[in-house]
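Notes to accompany the following structure.
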Amino acid sequence: MLKYIVLSILLIGGFSLSFISDEDALLSPDASGALCIRLEHMDESLIQPPVDSNLIFPPSSACFGCHSFDPNGLAMVNANGEDVSFQTDWEATMMANSAKDPYWKAKVAHETYLHPEHKDNIETTCTSCHAPMGHYTAILRGATHYGMEDLMQDTIGQMGVSCGACHMIAEEGLASLLGGQLNIDTNRVVYGPFEMPFAAPMQSFVGFEPLYSEHVSNSALCASCHTLIIESLDAEGELTGHYYFEQTTYHEWLNSSYNLSGQSCQSCHLPELEEPVVVSANYIFLDPRAGYSQHTLVGGNVHMLEMMKAYKDTLGITASDENYDKTISSTLELLQQKSVDLAVEYTGNAEDTLEFEVIIENKAGHKFPSGFPSRRAFVEFVLTDTQTGDTLFHSGAFNEDYELTQYDPSFEPHHQAISSEEQVQVYEVVPADINGVFTTILERGYQTLKDNRLPPLGFQVQHNVYDTVAIFGMANLDTDFNFDENGVEGSGSDVVKYRIKVGTYLGNVQASAKMHYQSVSPRWVNPLFEDDEIPAIQHFKSMYDASDLTPILVASMETDTLSIDVINRVKNVSKSIEIVVYPNPVGADGRIYISTEEKLKHIWVYNPLGQMIPILNQTDSYIDLPTFADGLLFIGFETEDGRTGTQKIFK
């Protein structure tokens, strides 16, 4: 094959020599008159005229002429020649299809159905993050609202969180604008992480100038859409004057050691390749760039990705099954290898009670779970007779509808110790309305009854953003929650104690602990499905009902086989606290009678928010509570030998 030596005149005035074949090359002048080498095997259909000057954002297709798969294998590939192009990694992500997410559409439809007088504001807020390019095109042109009907007719909005949505965010105001408020640079520039970008092709073929800026690698780039604060409504749709923190992932990261060490959101969600990569196809003289970030953009939403893959034609999604499989695999890897560490240890026995500890450490740079409040994680703990296979104890079982079988009807409190199968450790946020009742209606969020999601490493109560990411409920009273064994705050971990009575049982047992994760828990979708006459809800429900939504196993461990044939010979190091509390519910006088043979050192009463209720009067046989302390309460005890216990009461 005849070879030619081709002189390539670069924009900076230098030149390079490249050996290519006459069958594989052509010379093409760019807009500045410089001579650039392009390959004949490029996909010419991807090269389009410059983006119409009336468009504020370039469509994603305008970027893929150079940043999609390179069939020549010279660019956008890793050391093994595998495709790592922006298009391939991005197009099957939740970000790429955020405007087509059926759960999101159903939620927006439900909230506007319940509060039609706030429809414009609700939809405009929601589209600012799920369809930012369509939203901001409308807003920057003078529109006051951009809703779902606008989105359905808008091609640029349907592209979701596309290239321009992130790469056109200006540095000014970064991290100070929240709730989907983005400062878009409208000067037809695109910011990137590499110095001295080769600008001519993008200026010529796309009509936008690439500029280097450090801010695109800063976690603050993610702040606006991942710090969502909404105005609270009551059931009648009236503003309550309060704001509710729907999700605050960026602030969770701020209150962590990851922030202090400079480990950004991008370092996990756009992971860097170790080897340098040529970041643009078609120009063979380009040098590889170190620090190339893959646009995998994965989180923890396996079930929604699987649903979107199964119904992509219905949803108007063009990504291939192969790309979806890759994204799902990367998401599972993030969940199972980079989210939590779990260990289970046998710590001894007391008379007829076996004692175990499950230690869970958060490895994410934010709370786990984080983001939309429908997400939860829970611990399944099982004690098994290894000889017969019989289950002796099972906490955290779930049924065929993917719901926990023993979840408390109101909400499951945080547990420091579990001694009954009716108790299960669930890490979640529980929003409530102005009346203190659990709600899945985001606009009615007024207070938080529980937030025991695992904090990130380094999380501190005294941090200046703690008010937006606070711990709520009984986790505040758990000395193992976010505290290490020396009592130092910021461990990002929790220790759950399991105390299991086995009576006179003798034999061999094994304990196992599993951490499961659900991005869309049943208690969040069931209220939604009560209004399934709404088309968007009907659409989502049909997909949900046909999907396998088995909770994702995030981490697991089991002990060695334990022999308990000498259980009664072991020194009694602890025993259950036996206390009778009555009446329950408590009468209007607020008096609670206590019957026990234990010598009690302390008694506490607190509400579901973890706030202490003052005890007006205390004797050996009863306590008196103030009249204002109504509803679900918890009464805690500590004996003189340091043992503790908790019971629920209603007043």
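By convention here, the chains of the structure tokens are called A, B, ... in the order presented, each chain's residues are numbered starting at 1, and ligands are numbered starting at 1 in the order presented.
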Considering only C-alpha atoms, tabulate each residue of region 513-562 of chain A that lies at most 12 Å from region 112-131 of chain A along with its nearest interatomic pair and the corresponding distance in Å to one decimal; arrange the rows by chain and ascending residue number and present them as CSV.
residue,atom,partner,partner_atom,distance
A:Leu528,CA,A:Leu114,CA,11.0
A:Asp531,CA,A:Tyr113,CA,9.2
A:Asp532,CA,A:Tyr113,CA,11.3
A:Glu533,CA,A:Tyr113,CA,10.8
A:Ile534,CA,A:Tyr113,CA,8.3
A:Pro535,CA,A:Tyr113,CA,11.2
A:Ala536,CA,A:Tyr113,CA,11.0
A:Ile537,CA,A:Tyr113,CA,10.9
Residues of region 545-649 of chain A that have any atom at most 10 Å from an atom of region 303-310 of chain A: could you tabulate them with the shortest-distance atom pair and the distance in Å to one decimal, using only C-alpha atoms, ordered by chain and increasing number, as a tab-separated table?
residue	atom	partner	partner_atom	distance
A:Ala546	CA	A:Met307	CA	9.0
A:Ser547	CA	A:Met307	CA	6.7
A:Asp548	CA	A:His303	CA	7.9
A:Leu549	CA	A:His303	CA	6.2
A:Thr550	CA	A:His303	CA	8.7
A:Pro551	CA	A:His303	CA	8.9
A:Ile552	CA	A:His303	CA	8.6
Dump as a compact mmCIF listing (two decimals), in the first residue's frame, selection limited to N, CA and C atoms:
# COMPACT_ATOMS: atom_id res chain seq x y z
N ALA A 546 -44.61 -4.68 35.85
CA ALA A 546 -44.01 -5.72 35.01
C ALA A 546 -42.51 -5.90 35.26
N SER A 547 -41.97 -5.14 36.18
CA SER A 547 -40.52 -5.16 36.41
C SER A 547 -40.15 -6.00 37.62
N ASP A 548 -38.95 -6.55 37.58
CA ASP A 548 -38.37 -7.24 38.74
C ASP A 548 -37.66 -6.19 39.58
N LEU A 549 -38.26 -5.87 40.71
CA LEU A 549 -37.72 -4.82 41.57
C LEU A 549 -37.18 -5.39 42.88
N THR A 550 -36.66 -6.61 42.82
CA THR A 550 -36.05 -7.22 43.98
C THR A 550 -34.95 -6.30 44.52
N PRO A 551 -34.96 -6.00 45.82
CA PRO A 551 -33.93 -5.12 46.37
C PRO A 551 -32.52 -5.55 45.97
N ILE A 552 -31.68 -4.56 45.69
CA ILE A 552 -30.32 -4.82 45.26
C ILE A 552 -29.46 -5.17 46.47
Inset, instruction - Please return as a PyMOL selection string: the residues of region 302-535 of chain A that backbone DSSP assigns to strand (DSSP E). - result: chain A and resi 340-350+353-362+376-385+391-395+417-418+426-427+429-432+447-451+493-501+508-518
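The interatomic distance for the pair CA of Asp478 (chain A) and CA of Leu562 (chain A) works out to 28.3 Å.
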Inset, instruction - Can you pull out every residue within 8 Å of region 324-326 of chain A, counting only C-alpha atoms, but drop anything in the same chain fewer than 2 positions away, and send it as a PyMOL selection string? - result: chain A and resi 92-93+305-306+309+319-322+328-330
Inset, instruction - Fewer than 6 positions away in the same chain doesn't count, so skip those; otherwise give me all residues within 8 Å of Val426 (chain A), counting only C-alpha atoms, as a PyMOL selection string. - result: chain A and resi 376-379+412-414
Could you write those residues out with N, CA, C and O atoms, as a JSON list (two decimals), in the first residue's frame?
[["chain", "number", "residue", "atom", "x", "y", "z"],
["A", 376, "ARG", "N", -34.01, 3.89, 50.01],
["A", 376, "ARG", "CA", -33.73, 3.39, 51.35],
["A", 376, "ARG", "C", -32.83, 2.16, 51.26],
["A", 376, "ARG", "O", -32.76, 1.48, 50.25],
["A", 377, "ALA", "N", -32.15, 1.89, 52.37],
["A", 377, "ALA", "CA", -31.36, 0.67, 52.52],
["A", 377, "ALA", "C", -31.78, 0.02, 53.82],
["A", 377, "ALA", "O", -32.17, 0.70, 54.77],
["A", 378, "PHE", "N", -31.70, -1.30, 53.89],
["A", 378, "PHE", "CA", -32.09, -1.99, 55.12],
["A", 378, "PHE", "C", -31.21, -3.22, 55.32],
["A", 378, "PHE", "O", -30.62, -3.76, 54.38],
["A", 379, "VAL", "N", -31.14, -3.64, 56.59],
["A", 379, "VAL", "CA", -30.31, -4.78, 56.96],
["A", 379, "VAL", "C", -31.20, -6.00, 57.16],
["A", 379, "VAL", "O", -32.19, -5.96, 57.90],
["A", 412, "GLU", "N", -40.58, 2.91, 60.61],
["A", 412, "GLU", "CA", -39.71, 2.10, 61.45],
["A", 412, "GLU", "C", -38.67, 2.99, 62.11],
["A", 412, "GLU", "O", -37.90, 3.67, 61.41],
["A", 413, "PRO", "N", -38.61, 3.04, 63.44],
["A", 413, "PRO", "CA", -37.61, 3.90, 64.09],
["A", 413, "PRO", "C", -36.21, 3.33, 63.90],
["A", 413, "PRO", "O", -36.03, 2.15, 63.57],
["A", 414, "HIS", "N", -35.24, 4.17, 64.11],
["A", 414, "HIS", "CA", -33.85, 3.71, 64.13],
["A", 414, "HIS", "C", -33.62, 2.84, 65.37],
["A", 414, "HIS", "O", -34.12, 3.14, 66.45]]
Inset, instruction - Give me every helix (DSSP H, G or I) residue in region 389-523 of chain A, going by DSSP on the backbone, as JSON, numbers by chain. - result: {"A": [442, 443, 444, 466, 467, 468, 474, 475, 476, 477, 522, 523]}
Save the residues we just selected, all heavy atoms, as a tab-separated table (two decimals), in the first residue's frame?
chain	number	residue	atom	x	y	z
A	442	LEU	N	-44.08	15.75	47.82
A	442	LEU	CA	-42.90	16.57	48.12
A	442	LEU	C	-43.27	18.00	48.48
A	442	LEU	O	-42.66	18.60	49.36
A	442	LEU	CB	-41.95	16.54	46.93
A	442	LEU	CG	-41.45	15.15	46.51
A	442	LEU	CD1	-40.58	15.25	45.26
A	442	LEU	CD2	-40.71	14.48	47.63
A	443	GLU	N	-44.28	18.54	47.80
A	443	GLU	CA	-44.67	19.92	48.06
A	443	GLU	C	-45.23	20.09	49.47
A	443	GLU	O	-45.30	21.21	49.98
A	443	GLU	CB	-45.71	20.38	47.03
A	443	GLU	CG	-45.21	20.37	45.61
A	443	GLU	CD	-44.01	21.27	45.39
A	443	GLU	OE1	-44.01	22.38	45.93
A	443	GLU	OE2	-43.08	20.86	44.67
A	444	ARG	N	-45.65	19.00	50.09
A	444	ARG	CA	-46.21	19.09	51.45
A	444	ARG	C	-45.16	18.79	52.52
A	444	ARG	O	-45.48	18.73	53.70
A	444	ARG	CB	-47.39	18.13	51.59
A	444	ARG	CG	-48.57	18.48	50.69
A	444	ARG	CD	-49.73	17.52	50.89
A	444	ARG	NE	-50.79	17.77	49.92
A	444	ARG	CZ	-51.87	17.01	49.77
A	444	ARG	NH1	-52.03	15.93	50.55
A	444	ARG	NH2	-52.78	17.30	48.87
A	466	TYR	N	-24.98	21.87	58.58
A	466	TYR	CA	-25.66	20.76	59.24
A	466	TYR	C	-27.18	20.92	59.24
A	466	TYR	O	-27.92	19.93	59.16
A	466	TYR	CB	-25.17	20.59	60.68
A	466	TYR	CG	-25.86	19.45	61.40
A	466	TYR	CD1	-25.52	18.13	61.10
A	466	TYR	CD2	-26.87	19.68	62.33
A	466	TYR	CE1	-26.17	17.06	61.73
A	466	TYR	CE2	-27.52	18.63	62.96
A	466	TYR	CZ	-27.16	17.32	62.66
A	466	TYR	OH	-27.81	16.28	63.27
A	467	ASP	N	-27.67	22.16	59.28
A	467	ASP	CA	-29.13	22.34	59.33
A	467	ASP	C	-29.82	21.79	58.09
A	467	ASP	O	-30.99	21.43	58.15
A	467	ASP	CB	-29.46	23.83	59.49
A	467	ASP	CG	-28.95	24.68	58.35
A	467	ASP	OD1	-27.89	24.35	57.79
A	467	ASP	OD2	-29.60	25.68	58.02
A	468	THR	N	-29.12	21.69	56.96
A	468	THR	CA	-29.72	21.15	55.74
A	468	THR	C	-29.54	19.65	55.61
A	468	THR	O	-30.17	19.03	54.74
A	468	THR	CB	-29.11	21.82	54.49
A	468	THR	OG1	-27.75	21.40	54.34
A	468	THR	CG2	-29.18	23.33	54.60
A	474	MET	N	-34.29	8.79	66.40
A	474	MET	CA	-33.58	8.09	67.47
A	474	MET	C	-32.12	7.83	67.17
A	474	MET	O	-31.36	7.45	68.06
A	474	MET	CB	-34.33	6.79	67.78
A	474	MET	CG	-35.70	7.05	68.39
A	474	MET	SD	-36.74	5.58	68.52
A	474	MET	CE	-35.75	4.58	69.61
A	475	ALA	N	-31.71	8.03	65.92
A	475	ALA	CA	-30.27	7.91	65.62
A	475	ALA	C	-29.46	8.92	66.40
A	475	ALA	O	-28.27	8.71	66.67
A	475	ALA	CB	-30.03	8.08	64.11
A	476	ASN	N	-30.11	10.04	66.78
A	476	ASN	CA	-29.42	11.04	67.59
A	476	ASN	C	-29.05	10.53	68.98
A	476	ASN	O	-28.18	11.09	69.64
A	476	ASN	CB	-30.30	12.29	67.73
A	476	ASN	CG	-30.26	13.16	66.50
A	476	ASN	OD1	-29.19	13.56	66.05
A	476	ASN	ND2	-31.42	13.46	65.94
A	477	LEU	N	-29.72	9.47	69.43
A	477	LEU	CA	-29.47	8.91	70.75
A	477	LEU	C	-28.60	7.66	70.70
A	477	LEU	O	-28.31	7.07	71.73
A	477	LEU	CB	-30.80	8.58	71.44
A	477	LEU	CG	-31.80	9.74	71.53
A	477	LEU	CD1	-33.11	9.26	72.11
A	477	LEU	CD2	-31.23	10.88	72.35
A	522	PRO	N	-41.68	0.54	47.91
A	522	PRO	CA	-43.13	0.42	47.74
A	522	PRO	C	-43.93	1.47	48.50
A	522	PRO	O	-44.96	1.94	48.01
A	522	PRO	CB	-43.43	-0.99	48.27
A	522	PRO	CG	-42.16	-1.74	48.06
A	522	PRO	CD	-41.07	-0.75	48.31
A	523	ARG	N	-43.50	1.84	49.69
A	523	ARG	CA	-44.28	2.81	50.45
A	523	ARG	C	-44.27	4.19	49.81
A	523	ARG	O	-45.07	5.05	50.17
A	523	ARG	CB	-43.82	2.87	51.91
A	523	ARG	CG	-42.49	3.51	52.17
A	523	ARG	CD	-42.08	3.29	53.61
A	523	ARG	NE	-42.16	4.50	54.43
A	523	ARG	CZ	-43.08	4.74	55.34
A	523	ARG	NH1	-44.04	3.87	55.55
A	523	ARG	NH2	-43.08	5.84	56.05
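Closest approach to Gly65 (chain A) among A:Thr353, A:Ser257, A:Asn282, A:Gln518 is made by A:Asn282 (distances from only C-alpha atoms).
Nearest residue to Val461 (chain A), choosing from A:Met95, A:Val488, A:Lys651, A:Phe438 and counting only C-alpha atoms: A:Val488.
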Legend entry - Contact residues around Gly160 (chain A) with only C-alpha atoms at 9 Å, ignoring same-chain residues under 3 positions, as a PyMOL selection string: chain A and resi 94-100+129-134+156-157+165
Inset, instruction - Choose the residue, out of A:Gln158, A:Gln247, A:Gln336, A:Ser204, that has the smallest atom-to-atom separation from Gly180 (chain A); count only C-alpha atoms. - result: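 Closest candidate: A:Gln247.
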Inset, instruction - Mind checking which residues fall within 8 Å of Phe64 (chain A), counting only C-alpha atoms, ignoring those fewer than 4 positions away in the same chain, and posting them as an MDAnalysis selection string? - result: chainID A and resid 46 60 68 86:87
Legend entry - 8 Å contact set for region 384-390 of chain A, only C-alpha atoms, chain neighbours under 4 positions out, as a list in words: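 Contacts, with the query itself left out: Gly507, Asn508, Val509, Gln510, Ala511 and Thr561 of chain A.
Minimum distance to Cys268 (chain A) across A:Phe285, A:Val298, A:Met168, A:Ala109 (counting only C-alpha atoms) occurs at A:Val298.
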